[in-house]
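Colleague: Have a look at this one before I ask anything.
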Amino acid sequence: MSILKTGCLRPRRYLLPLAIALAVGGCGSMAQFRDANRLFDRGEYVQAVQKYRAAAQAKPVNVEYRQQYLLRRQEAFETVTHEAERARLAGNLTKAETLYQTALQIEPDSALAINGIKRISDTRRHGEQLVKIDEWIAAGELDPAERMVRVLLAEDPDNRRAQNSLERIHAARDSSKPKPGDGLEDRFRKPVTLEFRDVPVKVAFDVLSKASGINFIYDQDIRPDLKVSVFLRKTPLDDAIRMIGLSTQLETRVINGNSVLVFPNTPQKVGEYRQLNVRSFYLANADAKKVAEMLKAILKTETVMVDEKLNMLVMRDSPDAIRLAERLIALGDIGEPEVMLDVEVLEVKKSKLLDLGISLPAEIGLSVLPPSQTATALSIDALKGLNASSIYATVPNATVKLHDERSDARILANPKIRVKTKEKASVLIGDKVPVITSTSTSTGFVSETVNYVDVGLKLEVEPSVYAGDEVSIKINLEVSSLVREITTASGTLSYQIGTRNAQTVLRLKDGETQILAGLINKEDRKAANGLPFISRLPLLSHLFGSRKNDVQNTEIVLSITPHLIRGVRRAGMDDMEFESGTANHLRGTSVGTAKAASDVAGDEGQTDSGANDVSPAPASTAPAPAADAPRQGVLLDWSAPAEVEVGEQFTAVLNISALNAIAQLPLMLGFDPKVLQVVSIEEGKFMAQGGGHSSLTKEVNLSAGRISATAIRQGTAVSGQGSLLQITFKALAKADKTPIRVLSATPDPEQAGQAKLADTVIKIR
């Protein structure tokens, strides 16, 4: 007996301490979990993750603790690494490195954090190399600078500073090389007067050679008896050469700084002498296949290859054809118009139900048997003794109805749909109701098919964006609801669905709101019952009858507002129409400019009568007509530091004050490329004021020290004050005064007035 007692008490001896330990452990893990939540909310992610891990380890059976530990650890790691990457891209390397170290404490073996720290180390090393590269470029040591730049770009192909340095090296080398055609520009601009009648073509070119100092070299296949008759007055020299070639079926090609080759314009000679260049085009928006088809159709280019993966095309053709291809591709390689549709659908439903009165029984049932014996048959003799005590009456209960119900419901849907032009988008807010269809065969096999019907709010839109910031929208709105369920004789369940829809096409301006209303459904049902004749009396109708009035009103209102993300960009007339040569001879940009021809068109020099006279036309001395002073509706000014150190980066902000509304502002800015280097160009807040959409196109010519930028407002033009551009420069060399100038600014529309240009001067120590 004592042995049994001892055996029973031994487990109890450890039961109480075990329970206390479990309770203390459970309270401790709960406290750690609460502390972890507080630390995580404060942003102390490392301590929070440690607390979550401790709580999960203290209570392994708690699935919630383990789940929160895994989820919070992942969320903390992503938050810290995203902040680190933003700091690295912003140039704050110390902060980025600290954040990546924090991420390693959260995820000790994370390759992402380890690679981030390595990228920071590489960025610092690359920064030191770029400083050395700038010093070498400034000293003219281009070979070691190029070698280091290429090594740097192999490690970091997207390094913009290295790319700019490589462009500067190429520009410096190109400027020191003699190019074919150097020195010819001014000579080709010289206006000449020619009067040749049946003169050998070589004689005509020899006369031009003596007048301009240009050497003409002739192909051996030029016929010696080939003559030319040409009468030109005050025509640029390059146009004169081209006209002589057109009239005699000759072609020319610049060989070097003072020599031009003349050869017959035959397919064999053109193929032998024509210069061919290779040009690659990386297309950002247009389809490479369609662009290649366009070039083949317009320029008759045969050698065009398309890389569909890179959306790139490579063409091999003459420089004139490539220049024309560049202009054509620039017209077509623009972003597709895109619009954000702000849609609001409001369904207002009001109902009234009044059920009032006394519902009296409509009939009284009589029987000769009790209700429990209604199925028993009676004999004819039993019916002879019927009396009041043997007849049973069944009287239904009367019901008093006092029910008054009113409801006012509003269903609101406010989707925002972003869609490209001529693309369809749809929104469904509701349910998919199953409809079961049964099919039976002659053998008795029954199969069921389930189809789903959309019930709820269904909206389909298809916008088309046009020039002038207008949007045409095809709208299909359908609102459906379940009316009632219907069970067929075979037991299949089906539904009666009520539907209201509207289809229309709208054309709205950017930001214009259109409301579609009038989809109204009104139902008014009235029912009455009671004793005949008595229930029709006004005073007794509620005592001997009941009334039911059911009124339901439903209205749907649709509001839609388009906001252009990217509209149709109108090209300038110079881009839409330009000279392309003849059907057999493409011509890009001529050596002599149109301005040179126009400058001499109005000259009133003496008329030359010599048969072979070549003389430059005198410059016009007529004074220009006085013009009214331009109305300056746009004022520009700079905000920039007065002094910076060599190697330091600084930001120059171009501010604008527009008295009248402007839609876009093309700019040309200038700086000294030997002293300053452009690091980045960002758009200011002026064009995007009021929550509008804007864009900025920019191009930097490092060798010439030019910045071409155009700030565009999508939609309504804006006025007022604000920052237009934020340009980050790096100081390369010392300078007492280095200017940053606004060379030109042309507001659009012209009614906005002209812009007052501004310069700023910076001292670099």
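Lettering and numbering for the structure tokens are positional, with chains as A, B, ... in the shown order, residues counted from 1 in each chain, and ligands counted from 1 in the shown order.
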Which residues are near region 312-322 of chain A? Cut-off 7 Å, only C-alpha atoms, ignore same chain within fewer than 4 positions. Put them as number ranges by chain.
Modeller: A: 274-283, 288, 299, 303-308, 326, 586-588
Colleague: Using DSSP on the backbone coordinates, identify all residues within region 91-239 of chain A classified as strand (DSSP E); present the result as a VMD selection string.
Modeller: chain A and resid 191 to 200 215 to 218 227 to 236
Colleague: As a ChimeraX atom specification, please: the residues near Val203 (chain A) (cut-off 10 Å, only C-alpha atoms, same-chain neighbours under 4 positions excluded).
Modeller: /A:196,199,207-209,227-228,612
Colleague: Any idea what's packed within 7 Å of Gly567 (chain A), counting only C-alpha atoms, ignoring anything in its chain fewer than 3 positions away? Could you give it as a ChimeraX atom specification?
Modeller: /A:337-338,465,469,564,714
Colleague: Please write the residues from the selection above to a file, keeping N, CA and C atoms, as a PDB file, in the first residue's frame.
Modeller:
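Wrote it out as result02.pdb, contents follow:
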```pdb
ATOM      1  N   PRO A 337       0.394  57.801 -76.315  1.00  0.00           N
ATOM      2  CA  PRO A 337      -0.444  58.577 -75.393  1.00  0.00           C
ATOM      3  C   PRO A 337      -1.084  57.664 -74.341  1.00  0.00           C
ATOM      4  N   GLU A 338      -1.187  58.181 -73.143  1.00  0.00           N
ATOM      5  CA  GLU A 338      -1.735  57.411 -72.034  1.00  0.00           C
ATOM      6  C   GLU A 338      -2.594  58.343 -71.192  1.00  0.00           C
ATOM      7  N   VAL A 465      -6.688  59.139 -77.604  1.00  0.00           N
ATOM      8  CA  VAL A 465      -6.121  60.455 -77.321  1.00  0.00           C
ATOM      9  C   VAL A 465      -5.805  61.140 -78.649  1.00  0.00           C
ATOM     10  N   ASP A 469      -4.961  67.820 -76.646  1.00  0.00           N
ATOM     11  CA  ASP A 469      -5.310  67.352 -75.299  1.00  0.00           C
ATOM     12  C   ASP A 469      -6.779  66.988 -75.193  1.00  0.00           C
ATOM     13  N   LEU A 564      -4.629  63.364 -68.698  1.00  0.00           N
ATOM     14  CA  LEU A 564      -3.588  62.901 -69.612  1.00  0.00           C
ATOM     15  C   LEU A 564      -2.282  62.666 -68.862  1.00  0.00           C
ATOM     16  N   GLN A 714       1.473  69.031 -69.705  1.00  0.00           N
ATOM     17  CA  GLN A 714       0.422  68.236 -70.329  1.00  0.00           C
ATOM     18  C   GLN A 714      -0.932  68.805 -69.912  1.00  0.00           C
TER      19      GLN A 714
END
```
Colleague: With a distance cut-off of 7 Å and only C-alpha atoms, select the neighbouring residues of Ala96 (chain A), excluding the residue or stretch itself and same-chain residues fewer than 3 positions from it, and output the selection as a list in words.
Modeller: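 Non-adjacent residues within range: Ala84, Glu85, Ala87, Arg88, Asn92, Leu93, Leu99 and Tyr100 of chain A.
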Colleague: Restricting the calculation to only C-alpha atoms, which member of A:Arg119, A:Arg160, A:Arg507, A:His170 is positioned closest to Val679 (chain A)?
Modeller: A:Arg160
